[in-house]
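Visitor: Sending over input.csv (CSV, C-alpha atoms).
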chain,number,residue,atom,x,y,z
K,23,MET,CA,6.5,1.0,43.6
K,24,MET,CA,9.2,0.3,41.0
K,25,ARG,CA,6.7,-1.7,39.0
K,26,SER,CA,4.6,1.4,38.4
K,27,LEU,CA,7.8,3.2,37.3
K,28,TYR,CA,8.5,0.6,34.7
K,29,SER,CA,4.8,0.7,33.6
K,30,GLY,CA,5.1,4.4,33.1
K,31,VAL,CA,8.2,4.0,30.9
K,32,ALA,CA,6.6,1.3,28.9
K,33,GLY,CA,3.5,3.5,28.4
K,34,LEU,CA,5.7,6.4,27.2
K,35,ARG,CA,7.4,4.2,24.6
K,36,THR,CA,4.1,2.8,23.2
K,37,HIS,CA,2.5,6.2,23.0
K,38,GLN,CA,5.5,7.6,21.3
K,39,THR,CA,5.3,4.9,18.7
K,40,LYS,CA,1.6,5.5,18.2
K,41,MET,CA,2.3,9.2,17.7
K,42,ASP,CA,4.9,8.3,15.1
K,43,VAL,CA,2.2,6.4,13.2
K,44,VAL,CA,-0.3,9.3,13.5
K,45,GLY,CA,2.4,11.8,12.3
K,46,ASN,CA,3.2,9.7,9.3
K,47,ASN,CA,-0.5,9.4,8.4
K,48,ILE,CA,-1.0,13.2,8.6
K,49,SER,CA,2.1,13.8,6.6
K,50,ASN,CA,0.7,11.6,3.8
K,51,VAL,CA,-2.8,13.1,3.8
K,52,ASN,CA,-2.3,14.3,0.2
K,53,THR,CA,-0.1,11.4,-1.0
K,54,TYR,CA,-1.8,9.6,-3.9
K,55,ALA,CA,-3.0,6.1,-3.0
K,56,TYR,CA,-1.4,6.2,0.5
K,57,LYS,CA,-2.8,3.6,2.9
K,58,SER,CA,-3.1,4.8,6.5
K,59,GLN,CA,-1.7,2.8,9.4
K,60,ARG,CA,-2.8,2.2,12.9
K,61,ALA,CA,-1.0,1.1,16.1
K,62,THR,CA,-2.6,-1.2,18.6
K,63,PHE,CA,-1.5,-1.8,22.1
K,64,ARG,CA,-1.2,-5.0,24.2
K,65,ASP,CA,-0.7,-5.4,27.9
K,66,LEU,CA,2.9,-6.4,28.6
K,67,TYR,CA,3.5,-8.8,31.4
K,68,TYR,CA,2.0,-9.9,34.7
K,69,GLN,CA,3.7,-11.1,37.9
K,70,THR,CA,1.5,-13.5,39.8
K,71,THR,CA,1.9,-12.9,43.5
K,72,ARG,CA,-0.9,-15.3,44.4
K,73,ALA,CA,-2.1,-18.2,42.3
K,74,SER,CA,-5.8,-18.9,42.0
K,75,SER,CA,-7.3,-21.7,44.0
K,76,ASN,CA,-10.8,-22.9,45.1
K,77,GLY,CA,-12.7,-19.8,46.3
K,78,VAL,CA,-9.7,-17.5,45.8
K,79,ASN,CA,-8.9,-15.5,42.7
K,80,ALA,CA,-5.3,-14.9,41.4
K,81,MET,CA,-3.5,-11.8,42.4
K,82,GLN,CA,-1.4,-10.3,39.6
K,83,LEU,CA,0.6,-7.1,39.0
K,84,GLY,CA,1.1,-5.7,35.5
K,85,TYR,CA,4.1,-4.1,33.9
K,86,GLY,CA,2.5,-1.7,31.5
K,87,ALA,CA,1.8,-1.8,27.7
K,88,GLN,CA,3.5,-2.6,24.5
K,89,VAL,CA,2.9,-2.1,20.8
K,90,GLY,CA,1.0,-5.2,19.6
K,91,SER,CA,0.9,-4.4,15.9
K,92,ILE,CA,1.1,-1.7,13.3
K,93,ASP,CA,-1.5,-2.5,10.6
K,94,THR,CA,-1.9,-1.1,7.1
K,95,LEU,CA,-5.5,-0.2,6.3
K,96,HIS,CA,-6.3,-1.0,2.7
K,97,MET,CA,-9.7,0.7,2.5
K,98,ARG,CA,-10.2,2.3,-0.9
K,99,ALA,CA,-10.3,6.1,-1.1
K,100,GLY,CA,-12.0,8.3,-3.7
K,101,TYR,CA,-10.5,9.3,-6.9
K,102,SER,CA,-9.0,12.7,-7.8
K,103,PRO,CA,-9.6,13.9,-11.4
K,104,THR,CA,-6.4,14.8,-13.2
K,105,ASP,CA,-7.6,15.0,-16.8
K,106,ARG,CA,-4.4,13.3,-17.9
K,107,PRO,CA,-5.2,10.4,-20.2
K,108,MET,CA,-2.4,8.2,-18.9
K,109,ASP,CA,-3.5,8.5,-15.3
K,110,VAL,CA,-5.6,5.5,-14.2
K,111,TYR,CA,-7.6,4.8,-11.0
K,112,ILE,CA,-8.4,1.3,-10.0
K,113,ASP,CA,-12.2,1.2,-9.4
K,114,GLY,CA,-12.1,-1.8,-7.1
K,115,GLU,CA,-9.7,-4.3,-5.7
K,116,GLY,CA,-6.2,-5.0,-7.1
K,117,PHE,CA,-2.8,-3.5,-7.7
K,118,ILE,CA,-0.9,-2.4,-10.7
K,119,THR,CA,2.1,-4.7,-11.1
K,120,VAL,CA,5.5,-3.1,-11.4
K,121,ALA,CA,8.9,-4.6,-12.2
K,122,ASP,CA,11.3,-4.4,-9.2
K,123,PRO,CA,14.8,-3.3,-10.3
K,124,ASN,CA,16.1,-5.7,-7.6
K,125,GLY,CA,14.1,-8.6,-9.0
K,126,GLY,CA,10.6,-9.8,-8.8
K,127,GLU,CA,7.4,-7.7,-8.7
K,128,MET,CA,6.2,-4.7,-6.7
K,129,TYR,CA,2.6,-3.5,-6.4
K,130,THR,CA,1.1,0.0,-6.4
K,131,ARG,CA,-2.2,1.8,-6.5
K,132,VAL,CA,-0.7,4.9,-8.1
K,133,GLY,CA,-1.6,4.8,-11.7
K,134,ALA,CA,0.5,7.8,-13.0
K,135,LEU,CA,1.7,6.0,-16.2
K,136,SER,CA,3.6,7.2,-19.2
K,137,PHE,CA,5.6,5.8,-22.2
K,138,MET,CA,9.3,6.2,-22.3
K,139,PRO,CA,11.7,5.4,-25.1
K,140,ILE,CA,13.9,2.3,-24.7
K,141,LYS,CA,17.5,3.2,-25.1
K,142,GLY,CA,19.2,1.5,-28.0
K,143,SER,CA,16.0,0.4,-29.7
K,144,ALA,CA,16.5,0.5,-33.5
K,145,THR,CA,12.7,0.6,-34.2
K,146,GLY,CA,11.8,3.3,-31.7
K,147,ASP,CA,10.1,1.0,-29.1
K,148,TYR,CA,8.6,2.6,-26.0
K,149,ARG,CA,8.1,1.0,-22.6
K,150,LEU,CA,5.1,1.7,-20.3
K,151,VAL,CA,6.5,3.0,-16.9
K,152,ASP,CA,5.2,4.4,-13.7
K,153,ILE,CA,6.0,7.7,-12.1
K,154,ASN,CA,9.3,6.4,-10.8
K,155,GLY,CA,10.4,5.1,-14.2
K,156,ASN,CA,9.9,1.4,-13.3
K,157,PRO,CA,8.3,-0.8,-16.0
K,158,ILE,CA,4.7,-1.7,-15.8
K,159,LEU,CA,3.9,-5.4,-16.3
K,160,GLY,CA,1.2,-6.9,-18.4
K,161,CYS,CA,1.2,-8.4,-21.9
K,162,ASN,CA,1.9,-7.3,-25.4
K,163,ALA,CA,0.2,-7.5,-28.8
K,164,THR,CA,1.4,-9.0,-32.0
K,165,ILE,CA,0.6,-6.7,-35.0
K,166,THR,CA,-0.2,-8.5,-38.2
K,167,ALA,CA,0.7,-6.6,-41.4
K,168,SER,CA,-2.5,-7.2,-43.3
K,169,THR,CA,-5.0,-5.0,-45.0
K,170,PRO,CA,-6.4,-3.7,-42.8
K,171,PRO,CA,-3.9,-4.5,-40.0
K,172,THR,CA,-5.0,-6.6,-37.0
K,173,SER,CA,-3.6,-7.1,-33.5
K,174,THR,CA,-3.7,-10.0,-31.1
K,175,ILE,CA,-2.8,-9.7,-27.4
K,176,GLY,CA,-0.9,-12.7,-26.2
K,177,GLY,CA,-0.6,-13.8,-22.6
K,178,ILE,CA,-4.3,-13.4,-21.6
K,179,ASP,CA,-6.2,-16.6,-21.2
K,180,PRO,CA,-9.4,-15.9,-23.2
K,181,ALA,CA,-11.4,-18.2,-20.9
K,182,THR,CA,-10.2,-17.0,-17.5
K,183,SER,CA,-8.8,-13.5,-18.3
K,184,VAL,CA,-5.7,-14.5,-16.3
K,185,ILE,CA,-2.2,-13.4,-17.3
K,186,ALA,CA,0.0,-16.3,-16.4
K,187,THR,CA,3.4,-14.7,-16.8
K,188,PRO,CA,3.4,-10.8,-16.8
K,189,GLU,CA,6.0,-9.1,-18.9
K,190,GLU,CA,7.1,-5.5,-19.5
K,191,VAL,CA,4.5,-3.7,-21.7
K,192,VAL,CA,6.4,-2.5,-24.8
K,193,VAL,CA,4.9,-0.8,-27.9
K,194,LYS,CA,7.0,-1.4,-31.0
K,195,ASN,CA,7.3,1.4,-33.5
K,196,PHE,CA,5.7,3.8,-31.1
K,197,ALA,CA,5.8,6.8,-33.5
K,198,ASP,CA,3.4,4.9,-35.8
K,199,TYR,CA,0.5,5.4,-33.5
K,200,THR,CA,-1.6,8.3,-32.3
K,201,ASN,CA,-4.3,8.7,-29.6
K,202,ILE,CA,-2.8,6.0,-27.4
K,203,SER,CA,-5.2,5.4,-24.5
K,204,ILE,CA,-6.0,2.9,-21.8
K,205,GLY,CA,-9.5,1.3,-21.6
K,206,ALA,CA,-11.5,0.3,-18.5
K,207,ASP,CA,-10.3,-3.3,-19.2
K,208,GLY,CA,-6.7,-2.3,-19.1
K,209,ILE,CA,-6.3,-2.7,-22.9
K,210,ILE,CA,-4.0,-0.2,-24.5
K,211,THR,CA,-5.1,1.0,-27.9
K,212,GLY,CA,-3.7,3.3,-30.6
K,213,ILE,CA,-4.6,4.5,-34.1
K,214,ASP,CA,-2.1,3.6,-36.8
K,215,LYS,CA,-1.3,5.5,-40.0
K,216,THR,CA,-4.2,4.0,-41.8
K,217,GLY,CA,-6.7,5.2,-39.2
K,218,THR,CA,-7.2,1.6,-37.8
K,219,VAL,CA,-7.6,1.2,-34.0
K,220,LEU,CA,-5.2,-1.5,-32.8
K,221,GLN,CA,-4.7,-3.2,-29.4
K,222,LEU,CA,-1.1,-2.6,-28.4
K,223,GLY,CA,-1.0,-4.4,-25.0
K,224,ALA,CA,-2.7,-4.8,-21.6
K,225,ILE,CA,-1.9,-3.9,-18.0
K,226,ALA,CA,-1.8,-6.7,-15.4
K,227,ILE,CA,-3.9,-6.1,-12.3
K,228,ALA,CA,-2.7,-8.2,-9.3
K,229,LYS,CA,-5.3,-9.8,-7.1
K,230,ILE,CA,-3.8,-10.4,-3.7
K,231,SER,CA,-5.8,-12.6,-1.3
K,232,ASN,CA,-4.4,-10.9,1.9
K,233,PRO,CA,-3.2,-7.4,1.0
K,234,GLU,CA,-2.6,-6.6,4.7
K,235,GLY,CA,0.4,-9.0,4.4
K,236,LEU,CA,2.1,-6.7,1.9
K,237,THR,CA,5.2,-4.9,3.1
K,238,MET,CA,5.6,-1.1,2.5
K,239,GLN,CA,8.6,-0.2,0.4
K,240,GLY,CA,8.3,3.5,0.1
K,241,ASN,CA,7.5,5.4,-3.1
K,242,SER,CA,4.0,4.1,-2.9
K,243,TYR,CA,5.2,0.5,-3.5
K,244,PHE,CA,4.3,-2.7,-1.7
K,245,LYS,CA,6.2,-6.0,-1.8
K,246,ALA,CA,4.9,-9.5,-1.3
K,247,ILE,CA,7.3,-11.1,1.2
K,248,ASN,CA,5.2,-13.3,3.6
K,249,ASN,CA,1.6,-13.9,4.5
K,250,THR,CA,0.1,-12.4,1.3
K,251,GLY,CA,-1.5,-15.7,0.2
K,252,VAL,CA,-2.3,-16.4,-3.5
K,253,ILE,CA,-1.4,-13.7,-6.0
K,254,SER,CA,-2.9,-13.8,-9.5
K,255,TYR,CA,-2.5,-11.4,-12.4
K,256,ASN,CA,-5.7,-10.5,-14.3
K,257,LYS,CA,-7.2,-8.4,-17.0
K,258,ALA,CA,-8.7,-5.3,-15.4
K,259,SER,CA,-12.4,-5.6,-14.4
K,260,LYS,CA,-12.2,-9.4,-14.4
K,261,ASN,CA,-11.9,-12.1,-11.6
K,262,GLY,CA,-12.8,-9.7,-8.8
K,263,VAL,CA,-10.3,-6.9,-9.7
K,264,GLY,CA,-11.5,-3.4,-10.4
K,265,GLY,CA,-11.7,-1.7,-13.8
K,266,LEU,CA,-9.6,1.3,-14.7
K,267,VAL,CA,-10.9,4.9,-14.7
K,268,THR,CA,-8.7,7.1,-16.9
K,269,GLY,CA,-7.9,10.7,-16.1
K,270,ALA,CA,-7.9,10.2,-12.3
K,271,LEU,CA,-5.7,9.0,-9.5
K,272,GLU,CA,-6.6,7.4,-6.1
K,273,MET,CA,-6.5,9.8,-3.1
K,274,SER,CA,-5.0,9.0,0.3
K,275,ASN,CA,-7.4,7.2,2.6
K,276,VAL,CA,-6.2,9.2,5.7
K,277,ASP,CA,-9.2,10.5,7.7
K,278,LEU,CA,-7.9,13.8,9.2
K,279,ALA,CA,-10.7,14.0,11.8
K,280,LYS,CA,-9.8,10.5,13.1
K,281,GLU,CA,-6.0,11.3,13.0
K,282,PHE,CA,-6.5,14.5,15.0
K,283,THR,CA,-8.6,12.6,17.6
K,284,ASP,CA,-6.0,9.9,17.8
K,285,MET,CA,-3.3,12.6,18.2
K,286,ILE,CA,-5.2,14.1,21.2
K,287,THR,CA,-5.8,10.8,22.9
K,288,THR,CA,-2.2,9.7,22.3
K,289,GLN,CA,-0.9,13.0,23.7
K,290,ARG,CA,-3.1,12.6,26.8
K,291,GLY,CA,-1.9,9.0,27.3
K,292,TYR,CA,1.7,10.2,27.0
K,293,GLN,CA,1.1,12.9,29.6
K,294,ALA,CA,-0.6,10.4,32.0
K,295,ASN,CA,2.3,8.0,31.8
K,296,SER,CA,4.8,10.8,32.3
K,297,ARG,CA,2.7,11.8,35.4
K,298,ILE,CA,3.1,8.3,36.8
K,299,ILE,CA,6.9,8.6,36.6
K,300,SER,CA,6.7,12.0,38.3
K,301,VAL,CA,4.5,10.7,41.1
K,302,VAL,CA,6.7,7.6,41.7
K,303,ASP,CA,9.7,9.9,41.8
K,304,GLU,CA,8.1,12.0,44.5
K,305,MET,CA,7.2,8.9,46.5
K,306,LEU,CA,10.8,7.7,46.2
K,307,GLN,CA,12.0,11.1,47.4
K,308,GLU,CA,9.7,10.9,50.4
K,309,LEU,CA,11.1,7.4,51.2
K,310,VAL,CA,14.6,8.8,51.0
K,311,ASN,CA,13.7,11.7,53.3
K,312,LEU,CA,12.4,9.3,56.0
K,313,LYS,CA,16.0,8.7,57.0
K,314,ARG,CA,16.8,12.3,57.7
Take the structure I supplied and represent it as structure tokens, if you would.
Guide:
Amino acid sequence: MMRSLYSGVAGLRTHQTKMDVVGNNISNVNTYAYKSQRATFRDLYYQTTRASSNGVNAMQLGYGAQVGSIDTLHMRAGYSPTDRPMDVYIDGEGFITVADPNGGEMYTRVGALSFMPIKGSATGDYRLVDINGNPILGCNATITASTPPTSTIGGIDPATSVIATPEEVVVKNFADYTNISIGADGIITGIDKTGTVLQLGAIAIAKISNPEGLTMQGNSYFKAINNTGVISYNKASKNGVGGLVTGALEMSNVDLAKEFTDMITTQRGYQANSRIISVVDEMLQELVNLKR
């Protein structure tokens, strides 16, 4: 009888955790580029009261359920038009690479980008940052003062389109350029004072072999800690990563119909497990009353 009581308690805990996951998904239904999560259950433990033998099957009693995993679902969602030129949507696989203030890199699918002035820069240099003010990583261009001027982006291997060592994207003498835009290949261009279109830099798109191994950090960031496999940094639309669509951001991949269905089934599961506890309590009360 006490086993069923423990099973009911274990069921309450697991369904409460699943409801937490469902609630977080619904809360982020309108969060740009949010990736929904799911909770899966596993049976907990079995006590073998009789081992199996020839012609006789084993007899086992279970102790309820436990949370087996909480998985992040990286299915791509549609894009939401914003008409803002510096907003980019990754049309395919990959993540925008962001410098972590604590060291290393972070990854995001939220492409709300902007240029911010670098404090103390004598030449008026600007840095490409995300919505949280963290630097975007990629590679920069070298502007040649010729007639007409030319630009060469360093850091991208012309044969493989791989960026070996991503760096902060910085545009020197930012005020000298107009109509700065981002192309589908991640190349940042601008028009100088002579009317010449120059390449100013490029955004690095990270290709992660196992994105489900990423760890959520909040603020729409992911961190590669363990189990992510090989990570390479590429020019957009190359080596299996998606191209960039400007003037749009990725929507949340939360399916409200599914979440509401999961919420109902989770609620019923919680109620059923609480009923087990109530029934066991009544049975124990009957047992106590036998002595009266």
Visitor: Taking all atoms listed in the file into account, which of K:Ser203, K:Asn241, K:Asn156, K:Ser254 comes nearest K:Val110?
Guide: K:Ser203
Visitor: Applying 8 Å and all atoms listed in the file, which residues near stretch 183-194 of chain K remain after dropping the ones on its own chain fewer than 2 positions away? List them as a PyMOL selection string.
Guide: chain K and resi 121+145-150+157-162+177-181+196+222-226+254-257+260-261
Visitor: As an exercise, work out the distance from atom CA of K:Asn52 to atom CA of K:Ala228 in Å and give it to one decimal place.
Guide: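 It comes out at 24.4 Å.
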Visitor: Which value, in Å to one decimal, gives the distance between atom CA of K:Gly100 and atom CA of K:Asp113?
Guide: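 The value is 9.1 Å.
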Visitor: Within 12 Å of stretch 84-96 of chain K, which residues of stretch 168-279 of chain K come that close, and what is the closest atom pair and distance in Å for each? Count only C-alpha atoms and give it as a Markdown table.
Guide:
| residue | atom | partner | partner_atom | distance |
| --- | --- | --- | --- | --- |
| K:Ile230 | CA | K:His96 | CA | 11.6 |
| K:Asn232 | CA | K:His96 | CA | 10.1 |
| K:Pro233 | CA | K:His96 | CA | 7.3 |
| K:Glu234 | CA | K:Thr94 | CA | 6.0 |
| K:Gly235 | CA | K:Thr94 | CA | 8.7 |
| K:Leu236 | CA | K:Thr94 | CA | 8.6 |
| K:Thr237 | CA | K:Thr94 | CA | 9.0 |
| K:Met238 | CA | K:Thr94 | CA | 8.8 |
| K:Phe244 | CA | K:Thr94 | CA | 10.9 |
| K:Ser274 | CA | K:His96 | CA | 10.4 |
| K:Asn275 | CA | K:His96 | CA | 8.3 |
| K:Val276 | CA | K:Leu95 | CA | 9.4 |
| K:Asp277 | CA | K:Leu95 | CA | 11.4 |
Visitor: If I take atom CA of K:Gln289 and atom CA of K:Met41, how far is one from the other in Å, to one decimal?
Guide: 7.8 Å
Visitor: Would you please work out which residue, of K:Leu34, K:Ala61, K:Ile165, K:Ile48, is nearest to K:Glu281 when using all atoms listed in the file?
Guide: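 The shortest atom-to-atom distance to K:Glu281 comes from K:Ile48.
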Visitor: Taking (-5.0, -2.1, -39.5) as a centre in this file's frame and 7 Å as the limit, can you find every polymer residue with an atom that close, using all atoms listed in the file, and give them as an MDAnalysis selection string?
Guide: chainID K and resid 168:172 214 216 218:220
Visitor: I'd like to know which of K:Val44, K:Ala99, K:Ile140, K:Ile210 is closest to K:Asn195, using all atoms listed in the file.
Guide: K:Ile140
Visitor: Counting all atoms listed in the file, which residue out of K:Pro139, K:Gly217, K:Gly126, K:Gly176 sits closest to K:Thr164?
Guide: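 Between K:Pro139, K:Gly217, K:Gly126, K:Gly176, the residue approaching K:Thr164 most closely is K:Gly176.
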Visitor: Might you pull out every residue within 12 Å of K:Arg297, with only C-alpha atoms counted and same-chain residues fewer than 2 positions away left off, and present them as a PyMOL selection string?
Guide: chain K and resi 26-27+29-31+33-34+290-295+299-304
Visitor: For a quick check of understanding, using all atoms listed in the file, which of K:Val132, K:Met24, K:Ile202, K:Ile298 has the smallest distance to K:Asn154?
Guide: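 Answer, going by the shortest atom-to-atom distance: K:Val132.
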Visitor: Rank K:Ile213, K:Leu66, K:Met138, K:Ile118 by their smallest atom-to-atom distance to K:Val263, using only C-alpha atoms, and report the top residue only.
Guide: K:Ile118
